[in-house]
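Raw coords-v7.pdb, PDB, C-alpha atoms:
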ATOM      1  CA  MET A1245       0.000   0.000   0.000
ATOM      2  CA  LEU A1246       1.409   3.372  -1.028
ATOM      3  CA  THR A1247       0.146   6.517   0.634
ATOM      4  CA  THR A1248       1.060  10.193   0.820
ATOM      5  CA  LEU A1249       1.777  11.113   4.406
ATOM      6  CA  GLN A1250      -0.142  14.164   5.522
ATOM      7  CA  THR A1251       2.779  15.891   7.158
ATOM      8  CA  ALA A1252       5.578  18.128   6.002
ATOM      9  CA  TYR A1253       8.904  16.502   5.256
ATOM     10  CA  THR A1254      11.419  17.896   7.695
ATOM     11  CA  ASP A1255      15.144  17.818   7.136
ATOM     12  CA  THR A1256      15.975  14.934   9.406
ATOM     13  CA  ARG A1257      19.246  13.093   8.968
ATOM     14  CA  ALA A1258      19.961   9.399   8.610
ATOM     15  CA  ALA A1259      22.532   9.753  11.401
ATOM     16  CA  ASP A1260      19.731  10.795  13.808
ATOM     17  CA  LEU A1261      17.940   7.432  13.575
ATOM     18  CA  ALA A1262      17.977   5.311  16.708
ATOM     19  CA  TRP A1263      16.865   1.730  17.351
ATOM     20  CA  ALA A1264      14.833   0.377  20.256
ATOM     21  CA  LEU A1265      13.069  -2.827  21.262
ATOM     22  CA  GLY A1266      10.025  -2.933  23.519
ATOM     23  CA  ARG A1267       8.673   0.587  23.091
ATOM     24  CA  GLU A1268       4.955   1.213  23.420
ATOM     25  CA  PRO A1269       3.099   2.061  20.192
ATOM     26  CA  LEU A1270       3.937   5.587  19.045
ATOM     27  CA  PRO A1271       1.557   7.891  17.138
ATOM     28  CA  ALA A1272       1.529   6.716  13.521
ATOM     29  CA  LEU A1273       0.812   8.505  10.255
ATOM     30  CA  ALA A1274      -0.146   5.247   8.516
ATOM     31  CA  VAL A1275      -0.769   1.687   9.745
ATOM     32  CA  LEU A1276      -1.141  -1.688   8.043
ATOM     33  CA  ASP A1277      -2.404  -4.707  10.012
ATOM     34  CA  LEU A1278      -1.337  -8.113   8.683
ATOM     35  CA  GLU A1279      -1.875 -11.738   9.594
ATOM     36  CA  LEU A1280       0.985 -13.966   8.496
ATOM     37  CA  GLY A1281       0.098 -17.467   9.593
ATOM     38  CA  ARG A1282      -0.404 -17.275  13.366
ATOM     39  CA  ALA A1283       1.505 -13.997  13.573
ATOM     40  CA  LYS A1284      -0.250 -10.657  13.845
ATOM     41  CA  LEU A1285       1.950  -7.891  12.541
ATOM     42  CA  GLN A1286       1.346  -4.166  12.510
ATOM     43  CA  LEU A1287       3.496  -1.998  10.240
ATOM     44  CA  ARG A1288       3.514   1.621  11.421
ATOM     45  CA  LEU A1289       4.931   4.647   9.597
ATOM     46  CA  LEU A1290       6.013   7.363  12.005
ATOM     47  CA  GLY A1291       7.122   9.855   9.373
ATOM     48  CA  ALA A1292      10.737   9.238   8.390
ATOM     49  CA  SER A1293      10.782   6.314  10.776
ATOM     50  CA  HIS A1294       8.987   3.060  11.507
ATOM     51  CA  GLN A1295       7.623   0.799  14.198
ATOM     52  CA  VAL A1296       6.698  -2.876  13.868
ATOM     53  CA  LEU A1297       4.514  -4.642  16.415
ATOM     54  CA  LEU A1298       4.501  -8.457  16.314
ATOM     55  CA  GLN A1299       2.337 -10.869  18.320
ATOM     56  CA  GLU A1300       2.319 -14.636  18.015
ATOM     57  CA  ASP A1301       1.452 -17.467  20.418
ATOM     58  CA  GLY A1302       1.269 -15.142  23.438
ATOM     59  CA  SER A1303       4.652 -13.511  22.758
ATOM     60  CA  SER A1304       5.234 -10.021  21.424
ATOM     61  CA  CYS A1305       7.975  -7.846  19.978
ATOM     62  CA  SER A1306       8.093  -4.118  19.265
ATOM     63  CA  GLU A1307      10.836  -2.682  17.043
ATOM     64  CA  THR A1308      11.238   1.058  16.587
ATOM     65  CA  VAL A1309      13.661   2.837  14.265
ATOM     66  CA  ALA A1310      13.123   6.563  14.649
ATOM     67  CA  CYS A1311      14.627   9.895  15.597
ATOM     68  CA  MET A1312      13.939   9.549  19.319
ATOM     69  CA  PRO A1313      14.923  12.508  21.486
ATOM     70  CA  GLY A1314      16.960  11.366  24.459
ATOM     71  CA  SER A1315      17.645   7.922  22.999
ATOM     72  CA  SER A1316      21.024   6.524  23.909
ATOM     73  CA  THR A1317      20.894   3.670  21.383
ATOM     74  CA  PRO A1318      22.018   4.798  17.921
ATOM     75  CA  LEU A1319      21.157   2.732  14.891
ATOM     76  CA  PRO A1320      23.364  -0.363  15.168
ATOM     77  CA  LEU A1321      24.814  -2.248  12.219
ATOM     78  CA  GLY A1322      23.528  -5.486  13.716
ATOM     79  CA  VAL A1323      21.875  -7.006  16.755
ATOM     80  CA  ALA A1324      21.067 -10.591  17.735
ATOM     81  CA  LYS A1325      18.991 -11.095  20.875
ATOM     82  CA  ARG A1326      16.916 -13.709  22.590
ATOM     83  CA  LEU A1327      13.355 -12.544  23.265
ATOM     84  CA  GLY A1328      11.746 -15.268  25.365
ATOM     85  CA  ASP A1329      11.413 -18.252  23.002
ATOM     86  CA  TRP A1330      12.300 -16.151  19.953
ATOM     87  CA  GLU A1331      15.487 -15.217  18.202
ATOM     88  CA  TYR A1332      15.561 -11.604  17.033
ATOM     89  CA  GLU A1333      18.063 -10.429  14.422
ATOM     90  CA  PHE A1334      18.348  -6.890  13.089
ATOM     91  CA  ALA A1335      20.767  -5.411  10.560
ATOM     92  CA  ALA A1336      21.068  -1.910   9.114
ATOM     93  CA  ARG A1337      23.169  -0.210   6.493
ATOM     94  CA  VAL A1338      23.302   3.243   4.948
ATOM     95  CA  GLU A1339      23.607   3.567   1.180
ATOM     96  CA  THR A1340      25.099   6.833  -0.104
ATOM     97  CA  LEU A1341      23.898   7.656  -3.603
ATOM     98  CA  SER A1342      24.342  10.480  -6.117
ATOM     99  CA  GLN A1343      21.262  12.597  -6.827
ATOM    100  CA  GLY A1344      20.557  10.765 -10.112
ATOM    101  CA  SER A1345      21.132   7.341  -8.607
ATOM    102  CA  PHE A1346      18.994   8.234  -5.629
ATOM    103  CA  ALA A1347      16.009   9.145  -7.816
ATOM    104  CA  GLY A1348      16.261   5.856  -9.724
ATOM    105  CA  ARG A1349      16.633   3.785  -6.545
ATOM    106  CA  ALA A1350      13.661   5.591  -4.952
ATOM    107  CA  GLN A1351      11.445   4.869  -7.959
ATOM    108  CA  GLU A1352      12.552   1.227  -8.002
ATOM    109  CA  LEU A1353      11.786   0.697  -4.304
ATOM    110  CA  LEU A1354       8.440   2.483  -4.399
ATOM    111  CA  ALA A1355       7.399   0.364  -7.406
ATOM    112  CA  LEU A1356       8.448  -2.774  -5.502
ATOM    113  CA  VAL A1357       6.297  -2.028  -2.463
ATOM    114  CA  ALA A1358       3.384  -0.113  -4.037
ATOM    115  CA  ASP A1359       1.253  -3.146  -4.900
ATOM    116  CA  HIS A1360       2.760  -5.760  -2.586
ATOM    117  CA  PRO A1361       0.022  -7.052  -0.234
ATOM    118  CA  HIS A1362       2.323  -7.044   2.820
ATOM    119  CA  SER A1363       3.869  -3.615   2.372
ATOM    120  CA  LEU A1364       3.318  -0.062   3.502
ATOM    121  CA  ALA A1365       5.060   2.969   2.036
ATOM    122  CA  GLY A1366       4.562   6.646   2.636
ATOM    123  CA  THR A1367       5.836   9.534   0.542
ATOM    124  CA  PHE A1368       6.047  13.118   1.704
ATOM    125  CA  PRO A1369       4.352  16.060  -0.054
ATOM    126  CA  GLY A1370       6.804  18.286  -1.910
ATOM    127  CA  SER A1371       9.683  15.783  -2.056
ATOM    128  CA  PRO A1372       9.021  12.910  -4.500
ATOM    129  CA  HIS A1373      12.015  10.880  -3.340
ATOM    130  CA  ALA A1374      11.451  11.298   0.396
ATOM    131  CA  PHE A1375       9.739   8.169   1.666
ATOM    132  CA  THR A1376       9.635   5.433   4.258
ATOM    133  CA  ALA A1377       8.712   1.917   3.109
ATOM    134  CA  MET A1378       8.232  -1.444   4.819
ATOM    135  CA  MET A1379       7.621  -4.960   3.522
ATOM    136  CA  ALA A1380       6.916  -8.116   5.567
ATOM    137  CA  GLN A1381       6.756 -11.840   4.882
ATOM    138  CA  ARG A1382       6.593 -15.164   6.654
ATOM    139  CA  SER A1383       9.100 -17.776   5.559
ATOM    140  CA  GLU A1384      10.211 -21.064   7.122
ATOM    141  CA  GLY A1385       8.360 -20.327  10.372
ATOM    142  CA  GLN A1386       9.940 -16.897  10.744
ATOM    143  CA  VAL A1387       8.533 -13.413  10.337
ATOM    144  CA  ARG A1388      10.796 -11.059   8.412
ATOM    145  CA  TRP A1389      10.567  -7.441   7.413
ATOM    146  CA  ARG A1390      12.652  -4.931   5.512
ATOM    147  CA  THR A1391      12.488  -1.170   5.673
ATOM    148  CA  TRP A1392      13.828   1.735   3.638
ATOM    149  CA  HIS A1393      14.159   5.299   4.963
ATOM    150  CA  ALA A1394      15.014   7.865   2.281
ATOM    151  CA  TYR A1395      16.882  11.102   2.948
ATOM    152  CA  PRO A1396      17.243  12.670  -0.525
ATOM    153  CA  GLN A1397      18.655  15.958   0.791
ATOM    154  CA  GLU A1398      21.809  14.107   1.899
ATOM    155  CA  GLY A1399      21.705  11.208  -0.600
ATOM    156  CA  HIS A1400      21.272   8.558   2.107
ATOM    157  CA  LEU A1401      19.024   5.521   2.058
ATOM    158  CA  VAL A1402      18.849   3.617   5.349
ATOM    159  CA  VAL A1403      18.020  -0.051   4.757
ATOM    160  CA  THR A1404      17.100  -2.430   7.583
ATOM    161  CA  ARG A1405      16.169  -6.083   7.769
ATOM    162  CA  THR A1406      14.750  -8.004  10.699
ATOM    163  CA  ARG A1407      14.088 -11.669  11.369
ATOM    164  CA  VAL A1408      12.106 -13.038  14.318
ATOM    165  CA  GLY A1409      11.632 -16.772  14.784
ATOM    166  CA  ALA A1410      11.381 -19.549  17.325
ATOM    167  CA  LEU A1411      14.588 -20.661  18.959
ATOM    168  CA  SER A1412      16.004 -23.891  17.641
ATOM    169  CA  PRO A1413      16.141 -26.702  20.249
ATOM    170  CA  ALA A1414      19.958 -26.426  20.442
ATOM    171  CA  ARG A1415      19.785 -22.696  21.172
ATOM    172  CA  ARG A1416      17.125 -23.148  23.864
ATOM    173  CA  THR A1417      19.579 -25.163  25.938
ATOM    174  CA  SER A1418      22.578 -22.893  25.373
ATOM    175  CA  PRO A1419      21.787 -19.264  26.258
ATOM    176  CA  SER A1420      25.438 -18.227  25.766
ATOM    177  CA  LEU A1421      24.923 -18.648  22.014
ATOM    178  CA  LEU A1422      22.532 -15.713  22.046
ATOM    179  CA  GLU A1423      24.636 -12.979  23.564
ATOM    180  CA  PRO A1424      24.089  -9.657  21.768
ATOM    181  CA  ALA A1425      26.374  -9.573  18.787
ATOM    182  CA  SER A1426      26.996  -7.703  15.588
ATOM    183  CA  LEU A1427      25.774  -9.276  12.367
TER     184      LEU A1427
END

Encoded form using structure tokens:
Amino acid sequence: MLTTLQTAYTDTRAADLAWALGREPLPALAVLDLELGRAKLQLRLLGASHQVLLQEDGSSCSETVACMPGSSTPLPLGVAKRLGDWEYEFAARVETLSQGSFAGRAQELLALVADHPHSLAGTFPGSPHAFTAMMAQRSEGQVRWRTWHAYPQEGHLVVTRTRVGALSPARRTSPSLLEPASL
């Protein structure tokens, strides 16, 4: 689903994005509710940022990537954590593109998510290449999502990917395997 966000695009920076797990739902500009197997997933656009709420079999996960005043957790390159009986993996990268390349990449990504049944993308009025997009899927018993946060004024595209799935039996008996680590 592609929508125009009814808010002005402000000159935020990719470097201002922070990551957090477990935050309460934040006010959203657009929301998409999905059911992927037994999982209930809510994709939330918060402007130039996102929040994903996941519930399955009595467990829940909340991921937020946003410019959060007072946050002490910058956007990490990678995280692996144990969340109850789930494994959570997150990775992020920043692509730096020329103005021409950025426009082409923006059009390509918006076309990818525009008609996908498990996606939500929002563009900002007055800046055709300023957008936030999210796409989710369920694969091999895991819920996965990808996000793209576009900052055309600085030529940066922040790309994230997340995977949440049940712990394998070997990992359930060895908690030391799930220490936070970089991906």

Report the residues retrieved by the PyMOL selection byres ((chain A and resi 1319) around 7) from the displayed file, expressed as a CSV table (one decimal) with C-alpha atoms, in the frame of the given file.
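Result file follows (selection_19.csv):
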chain,number,residue,atom,x,y,z
A,1261,LEU,CA,17.9,7.4,13.6
A,1262,ALA,CA,18.0,5.3,16.7
A,1263,TRP,CA,16.9,1.7,17.4
A,1317,THR,CA,20.9,3.7,21.4
A,1318,PRO,CA,22.0,4.8,17.9
A,1320,PRO,CA,23.4,-0.4,15.2
A,1321,LEU,CA,24.8,-2.2,12.2

Name the residues in contact with Lys1284 in chain A at a cut-off of 9 Å, using all atoms listed in the file, excluding same-chain residues fewer than 5 positions from it; report them as number ranges by chain.
-> A: 1277-1279, 1297-1300

What does the PyMOL selection byres ((chain A and resi 1403-1406) around 8) select in this file, as number ranges by chain?
-> A: 1332-1339, 1388-1393, 1401-1402, 1407-1408

Save the residues we just selected, C-alpha atoms, as a PDB file, in the coordinates of the input?
ATOM      1  CA  TYR A1332      15.561 -11.604  17.033  1.00  0.00           C
ATOM      2  CA  GLU A1333      18.063 -10.429  14.422  1.00  0.00           C
ATOM      3  CA  PHE A1334      18.348  -6.890  13.089  1.00  0.00           C
ATOM      4  CA  ALA A1335      20.767  -5.411  10.560  1.00  0.00           C
ATOM      5  CA  ALA A1336      21.068  -1.910   9.114  1.00  0.00           C
ATOM      6  CA  ARG A1337      23.169  -0.210   6.493  1.00  0.00           C
ATOM      7  CA  VAL A1338      23.302   3.243   4.948  1.00  0.00           C
ATOM      8  CA  GLU A1339      23.607   3.567   1.180  1.00  0.00           C
ATOM      9  CA  ARG A1388      10.796 -11.059   8.412  1.00  0.00           C
ATOM     10  CA  TRP A1389      10.567  -7.441   7.413  1.00  0.00           C
ATOM     11  CA  ARG A1390      12.652  -4.931   5.512  1.00  0.00           C
ATOM     12  CA  THR A1391      12.488  -1.170   5.673  1.00  0.00           C
ATOM     13  CA  TRP A1392      13.828   1.735   3.638  1.00  0.00           C
ATOM     14  CA  HIS A1393      14.159   5.299   4.963  1.00  0.00           C
ATOM     15  CA  LEU A1401      19.024   5.521   2.058  1.00  0.00           C
ATOM     16  CA  VAL A1402      18.849   3.617   5.349  1.00  0.00           C
ATOM     17  CA  ARG A1407      14.088 -11.669  11.369  1.00  0.00           C
ATOM     18  CA  VAL A1408      12.106 -13.038  14.318  1.00  0.00           C
TER      19      VAL A1408
END

Would you mind telling me which residue in A:Leu1246, A:Leu1276, A:Ala1283, A:Leu1290 lies nearest to Thr1308 in chain A when using only C-alpha atoms?
->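 Smallest separation from Thr1308 in chain A among the options: A:Leu1290.
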
How many Å separate CA of Met1312 in chain A from CA of His1400 in chain A?
->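 Result for CA of Met1312 in chain A versus CA of His1400 in chain A: 18.7 Å, one decimal.
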
From the set A:Glu1398, A:Leu1273, A:Ala1365, A:Leu1265, which residue has the shortest atom-to-atom contact distance to Val1323 in chain A, counting only C-alpha atoms?
->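 Checking each candidate against Val1323 in chain A, we get A:Leu1265 as the closest.
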
Pick from A:Leu1354, A:Ala1394, A:Ala1380, A:Leu1270: nearest to Leu1341 in chain A, with all atoms listed in the file counted?
->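 Among A:Leu1354, A:Ala1394, A:Ala1380, A:Leu1270, it is A:Ala1394 that comes nearest to Leu1341 in chain A.
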